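Raw contents of start22.cif, mmCIF, N, CA and C atoms:
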```cif
data_input
loop_
_atom_site.label_atom_id
_atom_site.label_comp_id
_atom_site.auth_asym_id
_atom_site.auth_seq_id
_atom_site.Cartn_x
_atom_site.Cartn_y
_atom_site.Cartn_z
N MET A 1 42.60 129.54 49.54
CA MET A 1 44.05 129.43 49.57
C MET A 1 44.61 130.65 50.30
N PRO A 2 45.39 130.43 51.37
CA PRO A 2 45.95 131.57 52.12
C PRO A 2 46.94 132.36 51.26
N LEU A 3 47.01 133.64 51.53
CA LEU A 3 47.90 134.54 50.80
C LEU A 3 48.96 135.07 51.74
N VAL A 4 50.23 134.90 51.36
CA VAL A 4 51.34 135.38 52.17
C VAL A 4 52.16 136.37 51.35
N LEU A 5 52.65 137.41 52.01
CA LEU A 5 53.53 138.41 51.41
C LEU A 5 54.92 138.21 51.97
N ILE A 6 55.90 138.06 51.09
CA ILE A 6 57.30 137.91 51.51
C ILE A 6 58.02 139.21 51.19
N VAL A 7 58.71 139.77 52.20
CA VAL A 7 59.41 141.04 52.05
C VAL A 7 60.86 140.84 52.49
N ASP A 8 61.77 140.81 51.52
CA ASP A 8 63.19 140.59 51.82
C ASP A 8 64.01 141.12 50.66
N GLU A 9 65.17 141.68 50.95
CA GLU A 9 66.06 142.21 49.91
C GLU A 9 66.81 141.11 49.17
N ASP A 10 66.94 139.94 49.78
CA ASP A 10 67.72 138.85 49.21
C ASP A 10 66.84 138.03 48.26
N LYS A 11 67.07 138.22 46.95
CA LYS A 11 66.22 137.58 45.94
C LYS A 11 66.33 136.06 45.97
N ILE A 12 67.49 135.53 46.36
CA ILE A 12 67.64 134.07 46.45
C ILE A 12 66.74 133.53 47.55
N VAL A 13 66.74 134.20 48.70
CA VAL A 13 65.88 133.79 49.81
C VAL A 13 64.41 133.89 49.41
N VAL A 14 64.05 134.99 48.78
CA VAL A 14 62.66 135.20 48.38
C VAL A 14 62.22 134.13 47.39
N ASN A 15 63.07 133.82 46.41
CA ASN A 15 62.70 132.80 45.43
C ASN A 15 62.54 131.43 46.08
N TYR A 16 63.42 131.10 47.03
CA TYR A 16 63.31 129.84 47.76
C TYR A 16 62.00 129.78 48.54
N LEU A 17 61.71 130.85 49.30
CA LEU A 17 60.49 130.88 50.09
C LEU A 17 59.24 130.89 49.21
N TYR A 18 59.32 131.58 48.10
CA TYR A 18 58.21 131.59 47.14
C TYR A 18 57.87 130.16 46.72
N ALA A 19 58.89 129.41 46.30
CA ALA A 19 58.68 128.03 45.86
C ALA A 19 58.14 127.17 47.00
N LEU A 20 58.71 127.30 48.18
CA LEU A 20 58.29 126.52 49.33
C LEU A 20 56.82 126.77 49.67
N PHE A 21 56.43 128.03 49.74
CA PHE A 21 55.05 128.36 50.09
C PHE A 21 54.08 127.97 48.97
N LYS A 22 54.47 128.16 47.71
CA LYS A 22 53.62 127.74 46.59
C LYS A 22 53.37 126.24 46.63
N LEU A 23 54.44 125.47 46.85
CA LEU A 23 54.30 124.01 46.92
C LEU A 23 53.44 123.57 48.11
N SER A 24 53.32 124.44 49.10
CA SER A 24 52.53 124.13 50.29
C SER A 24 51.10 124.66 50.19
N GLY A 25 50.73 125.16 49.01
CA GLY A 25 49.35 125.58 48.77
C GLY A 25 49.03 127.02 49.05
N TYR A 26 50.04 127.86 49.15
CA TYR A 26 49.81 129.29 49.39
C TYR A 26 49.82 130.07 48.09
N GLU A 27 49.10 131.16 48.08
CA GLU A 27 49.31 132.21 47.08
C GLU A 27 50.43 133.06 47.67
N VAL A 28 51.33 133.56 46.83
CA VAL A 28 52.48 134.30 47.34
C VAL A 28 52.69 135.59 46.54
N ASN A 29 52.89 136.68 47.26
CA ASN A 29 53.34 137.93 46.66
C ASN A 29 54.71 138.24 47.23
N MET A 30 55.57 138.87 46.42
CA MET A 30 56.94 139.16 46.84
C MET A 30 57.25 140.63 46.63
N THR A 31 57.96 141.21 47.60
CA THR A 31 58.53 142.54 47.43
C THR A 31 59.94 142.51 48.00
N PHE A 32 60.78 143.45 47.55
CA PHE A 32 62.20 143.38 47.88
C PHE A 32 62.73 144.58 48.66
N SER A 33 61.84 145.45 49.13
CA SER A 33 62.26 146.60 49.94
C SER A 33 61.05 147.13 50.69
N SER A 34 61.31 148.00 51.67
CA SER A 34 60.21 148.59 52.42
C SER A 34 59.34 149.43 51.49
N ASN A 35 59.96 150.22 50.62
CA ASN A 35 59.18 151.06 49.70
C ASN A 35 58.33 150.23 48.76
N GLU A 36 58.92 149.18 48.20
CA GLU A 36 58.18 148.32 47.29
C GLU A 36 57.02 147.63 48.01
N CYS A 37 57.25 147.22 49.24
CA CYS A 37 56.20 146.58 50.04
C CYS A 37 55.03 147.54 50.25
N LEU A 38 55.34 148.74 50.68
CA LEU A 38 54.29 149.71 50.98
C LEU A 38 53.55 150.13 49.71
N GLU A 39 54.27 150.31 48.60
CA GLU A 39 53.62 150.63 47.32
C GLU A 39 52.69 149.49 46.91
N PHE A 40 53.17 148.25 47.04
CA PHE A 40 52.35 147.10 46.70
C PHE A 40 51.07 147.08 47.52
N LEU A 41 51.19 147.29 48.83
CA LEU A 41 50.02 147.25 49.71
C LEU A 41 49.02 148.36 49.39
N GLU A 42 49.53 149.53 49.04
CA GLU A 42 48.64 150.65 48.74
C GLU A 42 47.94 150.46 47.40
N GLN A 43 48.54 149.70 46.48
CA GLN A 43 47.97 149.50 45.15
C GLN A 43 47.14 148.23 45.05
N SER A 44 47.21 147.37 46.07
CA SER A 44 46.48 146.11 46.03
C SER A 44 45.39 146.13 47.10
N ASN A 45 44.83 144.98 47.36
CA ASN A 45 43.85 144.86 48.43
C ASN A 45 44.53 144.21 49.63
N PRO A 46 45.09 145.01 50.55
CA PRO A 46 45.84 144.43 51.67
C PRO A 46 44.99 143.57 52.58
N GLY A 47 43.67 143.74 52.56
CA GLY A 47 42.79 142.94 53.39
C GLY A 47 42.77 141.47 53.01
N LYS A 48 43.21 141.16 51.80
CA LYS A 48 43.24 139.77 51.35
C LYS A 48 44.47 139.01 51.85
N ILE A 49 45.48 139.72 52.32
CA ILE A 49 46.74 139.08 52.74
C ILE A 49 46.57 138.52 54.15
N ASP A 50 46.85 137.23 54.30
CA ASP A 50 46.70 136.58 55.59
C ASP A 50 47.93 136.76 56.48
N ALA A 51 49.12 136.74 55.86
CA ALA A 51 50.35 136.82 56.66
C ALA A 51 51.46 137.47 55.84
N ALA A 52 52.41 138.07 56.55
CA ALA A 52 53.59 138.65 55.92
C ALA A 52 54.83 138.11 56.62
N LEU A 53 55.82 137.79 55.83
CA LEU A 53 57.11 137.32 56.31
C LEU A 53 58.10 138.42 55.96
N VAL A 54 58.61 139.12 56.98
CA VAL A 54 59.39 140.35 56.76
C VAL A 54 60.80 140.18 57.31
N ASP A 55 61.80 140.53 56.50
CA ASP A 55 63.19 140.52 56.93
C ASP A 55 63.40 141.55 58.03
N GLY A 56 64.24 141.22 59.00
CA GLY A 56 64.47 142.09 60.15
C GLY A 56 65.01 143.46 59.81
N LYS A 57 65.92 143.54 58.81
CA LYS A 57 66.47 144.85 58.44
C LYS A 57 65.37 145.76 57.91
N ILE A 58 64.46 145.21 57.14
CA ILE A 58 63.35 145.99 56.60
C ILE A 58 62.40 146.37 57.73
N ALA A 59 62.14 145.44 58.63
CA ALA A 59 61.22 145.70 59.75
C ALA A 59 61.78 146.76 60.69
N GLU A 60 63.11 146.85 60.81
CA GLU A 60 63.74 147.82 61.71
C GLU A 60 63.78 149.23 61.14
N ASP A 61 63.54 149.40 59.86
CA ASP A 61 63.63 150.70 59.21
C ASP A 61 62.61 151.66 59.82
N ARG A 62 63.07 152.50 60.71
CA ARG A 62 62.17 153.41 61.42
C ARG A 62 61.55 154.45 60.51
N GLY A 63 62.22 154.78 59.43
CA GLY A 63 61.66 155.74 58.47
C GLY A 63 60.43 155.17 57.78
N ALA A 64 60.50 153.91 57.40
CA ALA A 64 59.39 153.30 56.68
C ALA A 64 58.32 152.78 57.62
N MET A 65 58.73 152.35 58.83
CA MET A 65 57.77 151.79 59.79
C MET A 65 56.90 150.72 59.14
N VAL A 66 57.54 149.81 58.42
CA VAL A 66 56.84 148.83 57.60
C VAL A 66 55.83 148.02 58.40
N VAL A 67 56.24 147.48 59.54
CA VAL A 67 55.35 146.61 60.30
C VAL A 67 54.10 147.37 60.74
N SER A 68 54.28 148.56 61.30
CA SER A 68 53.11 149.31 61.76
C SER A 68 52.26 149.79 60.59
N ARG A 69 52.88 150.12 59.46
CA ARG A 69 52.10 150.53 58.27
C ARG A 69 51.30 149.36 57.71
N ILE A 70 51.89 148.16 57.71
CA ILE A 70 51.16 146.98 57.25
C ILE A 70 49.93 146.77 58.14
N LYS A 71 50.13 146.87 59.44
CA LYS A 71 49.03 146.67 60.39
C LYS A 71 47.96 147.75 60.23
N GLN A 72 48.36 148.98 59.88
CA GLN A 72 47.37 150.04 59.66
C GLN A 72 46.49 149.71 58.45
N LEU A 73 47.10 149.11 57.43
CA LEU A 73 46.36 148.79 56.21
C LEU A 73 45.54 147.51 56.35
N ASN A 74 45.94 146.61 57.24
CA ASN A 74 45.23 145.35 57.43
C ASN A 74 45.44 144.90 58.88
N LYS A 75 44.49 145.22 59.74
CA LYS A 75 44.64 144.93 61.16
C LYS A 75 44.71 143.43 61.47
N SER A 76 44.15 142.59 60.60
CA SER A 76 44.11 141.16 60.88
C SER A 76 45.30 140.38 60.33
N ILE A 77 46.17 141.05 59.56
CA ILE A 77 47.32 140.35 58.99
C ILE A 77 48.26 139.90 60.11
N LYS A 78 48.85 138.73 59.95
CA LYS A 78 49.82 138.22 60.90
C LYS A 78 51.22 138.46 60.32
N ILE A 79 52.11 138.99 61.13
CA ILE A 79 53.45 139.36 60.65
C ILE A 79 54.51 138.58 61.42
N LEU A 80 55.35 137.88 60.67
CA LEU A 80 56.50 137.16 61.21
C LEU A 80 57.76 137.87 60.73
N VAL A 81 58.60 138.30 61.67
CA VAL A 81 59.85 138.98 61.33
C VAL A 81 61.01 138.01 61.54
N VAL A 82 61.91 137.97 60.55
CA VAL A 82 63.09 137.10 60.59
C VAL A 82 64.32 138.01 60.65
N ALA A 83 64.99 138.04 61.81
CA ALA A 83 66.08 138.99 62.02
C ALA A 83 67.42 138.28 62.20
N ASN A 84 68.49 139.06 62.04
CA ASN A 84 69.84 138.53 62.21
C ASN A 84 70.22 138.33 63.66
N ASN A 85 69.61 139.11 64.56
CA ASN A 85 69.90 138.96 65.99
C ASN A 85 68.69 139.38 66.80
N ASP A 86 68.80 139.25 68.10
CA ASP A 86 67.68 139.47 69.01
C ASP A 86 67.49 140.94 69.40
N ASN A 87 68.43 141.81 69.05
CA ASN A 87 68.39 143.21 69.52
C ASN A 87 67.09 143.94 69.22
N PRO A 88 66.55 143.83 68.00
CA PRO A 88 65.36 144.63 67.71
C PRO A 88 64.04 143.98 68.12
N ARG A 89 64.08 142.82 68.78
CA ARG A 89 62.85 142.06 69.08
C ARG A 89 61.77 142.92 69.74
N ASN A 90 62.09 143.58 70.84
CA ASN A 90 61.07 144.34 71.57
C ASN A 90 60.49 145.47 70.73
N ILE A 91 61.35 146.18 70.03
CA ILE A 91 60.88 147.29 69.20
C ILE A 91 59.96 146.78 68.10
N ILE A 92 60.37 145.72 67.42
CA ILE A 92 59.59 145.19 66.31
C ILE A 92 58.25 144.64 66.81
N LEU A 93 58.25 143.99 67.96
CA LEU A 93 56.99 143.51 68.51
C LEU A 93 56.09 144.67 68.92
N GLU A 94 56.69 145.76 69.41
CA GLU A 94 55.90 146.96 69.73
C GLU A 94 55.31 147.58 68.47
N TYR A 95 56.01 147.48 67.34
CA TYR A 95 55.50 148.00 66.06
C TYR A 95 54.27 147.21 65.61
N GLY A 96 54.10 145.98 66.11
CA GLY A 96 52.92 145.20 65.75
C GLY A 96 53.19 143.82 65.18
N ALA A 97 54.45 143.40 65.12
CA ALA A 97 54.74 142.05 64.63
C ALA A 97 54.12 141.02 65.59
N ASP A 98 53.71 139.89 65.03
CA ASP A 98 53.07 138.85 65.82
C ASP A 98 54.06 137.79 66.31
N ASP A 99 55.17 137.64 65.59
CA ASP A 99 56.18 136.66 65.98
C ASP A 99 57.52 137.13 65.45
N PHE A 100 58.58 136.56 66.01
CA PHE A 100 59.94 137.01 65.73
C PHE A 100 60.85 135.80 65.81
N VAL A 101 61.66 135.56 64.78
CA VAL A 101 62.65 134.47 64.83
C VAL A 101 64.00 135.02 64.41
N ILE A 102 65.04 134.32 64.84
CA ILE A 102 66.41 134.73 64.55
C ILE A 102 67.02 133.78 63.53
N LYS A 103 67.72 134.36 62.55
CA LYS A 103 68.43 133.57 61.55
C LYS A 103 69.63 132.89 62.21
N PRO A 104 70.08 131.77 61.76
CA PRO A 104 69.53 131.00 60.64
C PRO A 104 68.29 130.24 61.09
N VAL A 105 67.35 130.11 60.17
CA VAL A 105 66.11 129.39 60.42
C VAL A 105 65.72 128.69 59.11
N SER A 106 65.22 127.49 59.22
CA SER A 106 64.88 126.74 58.02
C SER A 106 63.58 127.25 57.40
N GLY A 107 63.45 127.03 56.12
CA GLY A 107 62.22 127.39 55.43
C GLY A 107 61.03 126.64 56.01
N GLU A 108 61.24 125.39 56.40
CA GLU A 108 60.16 124.59 56.98
C GLU A 108 59.69 125.18 58.30
N THR A 109 60.61 125.73 59.10
CA THR A 109 60.23 126.37 60.35
C THR A 109 59.42 127.63 60.07
N LEU A 110 59.83 128.40 59.07
CA LEU A 110 59.08 129.60 58.71
C LEU A 110 57.68 129.23 58.23
N LEU A 111 57.59 128.21 57.42
CA LEU A 111 56.30 127.73 56.92
C LEU A 111 55.41 127.30 58.09
N SER A 112 55.99 126.58 59.03
CA SER A 112 55.24 126.12 60.21
C SER A 112 54.75 127.30 61.05
N LYS A 113 55.61 128.29 61.26
CA LYS A 113 55.22 129.46 62.05
C LYS A 113 54.11 130.25 61.36
N ILE A 114 54.22 130.42 60.04
CA ILE A 114 53.17 131.12 59.29
C ILE A 114 51.87 130.34 59.38
N ASN A 115 51.95 129.01 59.24
CA ASN A 115 50.74 128.18 59.37
C ASN A 115 50.09 128.39 60.73
N MET A 116 50.88 128.40 61.80
CA MET A 116 50.34 128.59 63.15
C MET A 116 49.71 129.96 63.31
N LEU A 117 50.35 131.00 62.77
CA LEU A 117 49.79 132.35 62.85
C LEU A 117 48.46 132.44 62.13
N ILE A 118 48.39 131.84 60.95
CA ILE A 118 47.14 131.89 60.18
C ILE A 118 46.05 131.08 60.87
N GLN A 119 46.40 129.93 61.44
CA GLN A 119 45.40 129.15 62.18
C GLN A 119 44.87 129.94 63.38
N ALA A 120 45.77 130.64 64.06
CA ALA A 120 45.34 131.46 65.20
C ALA A 120 44.41 132.58 64.73
N LYS A 121 44.70 133.16 63.59
CA LYS A 121 43.87 134.21 63.01
C LYS A 121 42.49 133.66 62.68
N LEU A 122 42.43 132.49 62.09
CA LEU A 122 41.16 131.89 61.68
C LEU A 122 40.32 131.46 62.87
N SER A 123 40.96 131.07 63.95
CA SER A 123 40.20 130.59 65.11
C SER A 123 39.75 131.72 66.03
N SER A 124 40.24 132.93 65.80
CA SER A 124 39.83 134.05 66.68
C SER A 124 38.65 134.81 66.13
#
```

Take the structure from the file and write it as structure tokens.
Amino acid sequence: MPLVLIVDEDKIVVNYLYALFKLSGYEVNMTFSSNECLEFLEQSNPGKIDAALVDGKIAEDRGAMVVSRIKQLNKSIKILVVANNDNPRNIILEYGADDFVIKPVSGETLLSKINMLIQAKLSS
């Protein structure tokens, strides 16, 4: 069963995505801030996580450098960033994100993109 990490400050969004991914056969971990995400990764086995779905505001936090720190802890993890606009795309992709989408985006689209990232990971 693939394992996905959801990182977003909006608990309603996280709960919705949690249910969607669980119903689709995923194991799901949730964190609600860059600090909580990094603490979780340092205290768990980050190598087991197949993909992370990260809110754009959290991904843009240059102090936390969440995307690059996640990649340092697990080089094979696939990271999808969901942002409010296109401005941070290049920077976030340079940090190590594998894909980038702009809100509004449906949960089904996010699920599909995560599925594609994990399939690409498995086939490489």

### Message
Starting from the PyMOL selection byres ((chain A and resi 54-62) around 6.5), expand the selection into actual residues of this file and give them as an NGL selection string.
### Response
:A and (5-9 or 33-34 or 52-53 or 63-67 or 79-84 or 92)

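Computed from the coordinates, the atom C of Val14 (chain A) to atom C of Asp99 (chain A) distance equals 18.9 Å.
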
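Here the PyMOL selection byres ((chain A and resi 43-50) around 5) captures the residues Leu3, Glu39, Phe40, Leu41, Glu42, Ala51, Ala52, Ile77 and Lys78 of chain A.
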
### Task
Show which residues sit within 6 Å of Met1 (chain A), as a count of residues only. Count only N, CA and C atoms, and ignore same-chain residues fewer than 5 positions away.
3

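Pairwise distance (CA of Arg69 (chain A), CA of Glu108 (chain A)) equals 27.2 Å.
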
### Query
For the atom pair CA of Pro2 (chain A) and atom C of Asn35 (chain A), what is the interatomic distance in Å to one decimal place?
22.6 Å

### Task
From the DSSP assignment of the backbone, select every residue of chain A that is helix (DSSP H, G or I), and format the answer as a ChimeraX atom specification.
/A:11-23,34-43,46-48,56-60,66-73,89-95,107-123

### Message
With DSSP run on the backbone, what are the strand (DSSP E or B) residues within chain A? I'd like them as number ranges by chain.
### Response
A: 3-7, 27-31, 51-55, 78-83, 99-102

Keeping only N, CA and C atoms, write the selected residues to a file as a PDB file, in the frame of the given file.
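What follows is the written file selection.pdb:
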```pdb
ATOM      1  N   LEU A   3      47.010 133.640  51.530  1.00  0.00           N
ATOM      2  CA  LEU A   3      47.900 134.540  50.800  1.00  0.00           C
ATOM      3  C   LEU A   3      48.960 135.070  51.740  1.00  0.00           C
ATOM      4  N   VAL A   4      50.230 134.900  51.360  1.00  0.00           N
ATOM      5  CA  VAL A   4      51.340 135.380  52.170  1.00  0.00           C
ATOM      6  C   VAL A   4      52.160 136.370  51.350  1.00  0.00           C
ATOM      7  N   LEU A   5      52.650 137.410  52.010  1.00  0.00           N
ATOM      8  CA  LEU A   5      53.530 138.410  51.410  1.00  0.00           C
ATOM      9  C   LEU A   5      54.920 138.210  51.970  1.00  0.00           C
ATOM     10  N   ILE A   6      55.900 138.060  51.090  1.00  0.00           N
ATOM     11  CA  ILE A   6      57.300 137.910  51.510  1.00  0.00           C
ATOM     12  C   ILE A   6      58.020 139.210  51.190  1.00  0.00           C
ATOM     13  N   VAL A   7      58.710 139.770  52.200  1.00  0.00           N
ATOM     14  CA  VAL A   7      59.410 141.040  52.050  1.00  0.00           C
ATOM     15  C   VAL A   7      60.860 140.840  52.490  1.00  0.00           C
ATOM     16  N   GLU A  27      49.100 131.160  48.080  1.00  0.00           N
ATOM     17  CA  GLU A  27      49.310 132.210  47.080  1.00  0.00           C
ATOM     18  C   GLU A  27      50.430 133.060  47.670  1.00  0.00           C
ATOM     19  N   VAL A  28      51.330 133.560  46.830  1.00  0.00           N
ATOM     20  CA  VAL A  28      52.480 134.300  47.340  1.00  0.00           C
ATOM     21  C   VAL A  28      52.690 135.590  46.540  1.00  0.00           C
ATOM     22  N   ASN A  29      52.890 136.680  47.260  1.00  0.00           N
ATOM     23  CA  ASN A  29      53.340 137.930  46.660  1.00  0.00           C
ATOM     24  C   ASN A  29      54.710 138.240  47.230  1.00  0.00           C
ATOM     25  N   MET A  30      55.570 138.870  46.420  1.00  0.00           N
ATOM     26  CA  MET A  30      56.940 139.160  46.840  1.00  0.00           C
ATOM     27  C   MET A  30      57.250 140.630  46.630  1.00  0.00           C
ATOM     28  N   THR A  31      57.960 141.210  47.600  1.00  0.00           N
ATOM     29  CA  THR A  31      58.530 142.540  47.430  1.00  0.00           C
ATOM     30  C   THR A  31      59.940 142.510  48.000  1.00  0.00           C
ATOM     31  N   ALA A  51      49.120 136.740  55.860  1.00  0.00           N
ATOM     32  CA  ALA A  51      50.350 136.820  56.660  1.00  0.00           C
ATOM     33  C   ALA A  51      51.460 137.470  55.840  1.00  0.00           C
ATOM     34  N   ALA A  52      52.410 138.070  56.550  1.00  0.00           N
ATOM     35  CA  ALA A  52      53.590 138.650  55.920  1.00  0.00           C
ATOM     36  C   ALA A  52      54.830 138.110  56.620  1.00  0.00           C
ATOM     37  N   LEU A  53      55.820 137.790  55.830  1.00  0.00           N
ATOM     38  CA  LEU A  53      57.110 137.320  56.310  1.00  0.00           C
ATOM     39  C   LEU A  53      58.100 138.420  55.960  1.00  0.00           C
ATOM     40  N   VAL A  54      58.610 139.120  56.980  1.00  0.00           N
ATOM     41  CA  VAL A  54      59.390 140.350  56.760  1.00  0.00           C
ATOM     42  C   VAL A  54      60.800 140.180  57.310  1.00  0.00           C
ATOM     43  N   ASP A  55      61.800 140.530  56.500  1.00  0.00           N
ATOM     44  CA  ASP A  55      63.190 140.520  56.930  1.00  0.00           C
ATOM     45  C   ASP A  55      63.400 141.550  58.030  1.00  0.00           C
ATOM     46  N   LYS A  78      48.850 138.730  59.950  1.00  0.00           N
ATOM     47  CA  LYS A  78      49.820 138.220  60.900  1.00  0.00           C
ATOM     48  C   LYS A  78      51.220 138.460  60.320  1.00  0.00           C
ATOM     49  N   ILE A  79      52.110 138.990  61.130  1.00  0.00           N
ATOM     50  CA  ILE A  79      53.450 139.360  60.650  1.00  0.00           C
ATOM     51  C   ILE A  79      54.510 138.580  61.420  1.00  0.00           C
ATOM     52  N   LEU A  80      55.350 137.880  60.670  1.00  0.00           N
ATOM     53  CA  LEU A  80      56.500 137.160  61.210  1.00  0.00           C
ATOM     54  C   LEU A  80      57.760 137.870  60.730  1.00  0.00           C
ATOM     55  N   VAL A  81      58.600 138.300  61.670  1.00  0.00           N
ATOM     56  CA  VAL A  81      59.850 138.980  61.330  1.00  0.00           C
ATOM     57  C   VAL A  81      61.010 138.010  61.540  1.00  0.00           C
ATOM     58  N   VAL A  82      61.910 137.970  60.550  1.00  0.00           N
ATOM     59  CA  VAL A  82      63.090 137.100  60.590  1.00  0.00           C
ATOM     60  C   VAL A  82      64.320 138.010  60.650  1.00  0.00           C
ATOM     61  N   ALA A  83      64.990 138.040  61.810  1.00  0.00           N
ATOM     62  CA  ALA A  83      66.080 138.990  62.020  1.00  0.00           C
ATOM     63  C   ALA A  83      67.420 138.280  62.200  1.00  0.00           C
ATOM     64  N   ASP A  99      55.170 137.640  65.590  1.00  0.00           N
ATOM     65  CA  ASP A  99      56.180 136.660  65.980  1.00  0.00           C
ATOM     66  C   ASP A  99      57.520 137.130  65.450  1.00  0.00           C
ATOM     67  N   PHE A 100      58.580 136.560  66.010  1.00  0.00           N
ATOM     68  CA  PHE A 100      59.940 137.010  65.730  1.00  0.00           C
ATOM     69  C   PHE A 100      60.850 135.800  65.810  1.00  0.00           C
ATOM     70  N   VAL A 101      61.660 135.560  64.780  1.00  0.00           N
ATOM     71  CA  VAL A 101      62.650 134.470  64.830  1.00  0.00           C
ATOM     72  C   VAL A 101      64.000 135.020  64.410  1.00  0.00           C
ATOM     73  N   ILE A 102      65.040 134.320  64.840  1.00  0.00           N
ATOM     74  CA  ILE A 102      66.410 134.730  64.550  1.00  0.00           C
ATOM     75  C   ILE A 102      67.020 133.780  63.530  1.00  0.00           C
TER      76      ILE A 102
END
```

Student task, region 76-91 of chain A output with N, CA, C and O atoms as a CSV table (one decimal), in the first residue's frame:
```
chain,number,residue,atom,x,y,z
A,76,SER,N,14.1,9.3,-3.0
A,76,SER,CA,13.2,8.8,-3.9
A,76,SER,C,11.7,9.2,-3.8
A,76,SER,O,10.9,8.9,-4.6
A,77,ILE,N,11.4,10.0,-2.7
A,77,ILE,CA,10.1,10.5,-2.5
A,77,ILE,C,9.7,11.4,-3.7
A,77,ILE,O,10.5,12.2,-4.2
A,78,LYS,N,8.4,11.4,-4.1
A,78,LYS,CA,7.9,12.3,-5.1
A,78,LYS,C,7.1,13.4,-4.4
A,78,LYS,O,6.3,13.1,-3.6
A,79,ILE,N,7.3,14.6,-4.8
A,79,ILE,CA,6.7,15.7,-4.2
A,79,ILE,C,5.9,16.5,-5.2
A,79,ILE,O,6.3,17.0,-6.2
A,80,LEU,N,4.6,16.7,-4.8
A,80,LEU,CA,3.6,17.5,-5.6
A,80,LEU,C,3.3,18.7,-4.8
A,80,LEU,O,2.8,18.6,-3.6
A,81,VAL,N,3.5,19.9,-5.3
A,81,VAL,CA,3.2,21.1,-4.6
A,81,VAL,C,2.0,21.8,-5.2
A,81,VAL,O,1.8,21.8,-6.4
A,82,VAL,N,1.1,22.2,-4.3
A,82,VAL,CA,-0.2,22.8,-4.7
A,82,VAL,C,-0.2,24.3,-4.3
A,82,VAL,O,-0.2,24.5,-3.1
A,83,ALA,N,-0.1,25.2,-5.2
A,83,ALA,CA,0.1,26.6,-4.9
A,83,ALA,C,-1.0,27.5,-5.3
A,83,ALA,O,-1.8,27.1,-6.2
A,84,ASN,N,-1.1,28.7,-4.8
A,84,ASN,CA,-2.2,29.6,-5.1
A,84,ASN,C,-1.9,30.3,-6.4
A,84,ASN,O,-2.9,30.7,-7.1
A,85,ASN,N,-0.7,30.4,-6.9
A,85,ASN,CA,-0.4,31.0,-8.2
A,85,ASN,C,0.9,30.4,-8.7
A,85,ASN,O,1.6,29.6,-8.1
A,86,ASP,N,1.3,30.9,-9.9
A,86,ASP,CA,2.4,30.3,-10.6
A,86,ASP,C,3.8,30.9,-10.2
A,86,ASP,O,4.8,30.4,-10.6
A,87,ASN,N,3.8,32.0,-9.5
A,87,ASN,CA,5.0,32.7,-9.2
A,87,ASN,C,6.1,31.9,-8.6
A,87,ASN,O,7.3,32.0,-9.0
A,88,PRO,N,5.9,31.0,-7.6
A,88,PRO,CA,7.0,30.3,-7.0
A,88,PRO,C,7.4,29.0,-7.8
A,88,PRO,O,8.2,28.3,-7.3
A,89,ARG,N,6.8,28.7,-8.9
A,89,ARG,CA,7.0,27.4,-9.6
A,89,ARG,C,8.5,27.1,-9.8
A,89,ARG,O,8.9,26.0,-9.4
A,90,ASN,N,9.2,28.0,-10.4
A,90,ASN,CA,10.6,27.7,-10.7
A,90,ASN,C,11.4,27.5,-9.5
A,90,ASN,O,12.3,26.6,-9.4
A,91,ILE,N,11.2,28.3,-8.5
A,91,ILE,CA,12.0,28.1,-7.2
A,91,ILE,C,11.6,26.8,-6.6
A,91,ILE,O,12.5,26.1,-6.2
```
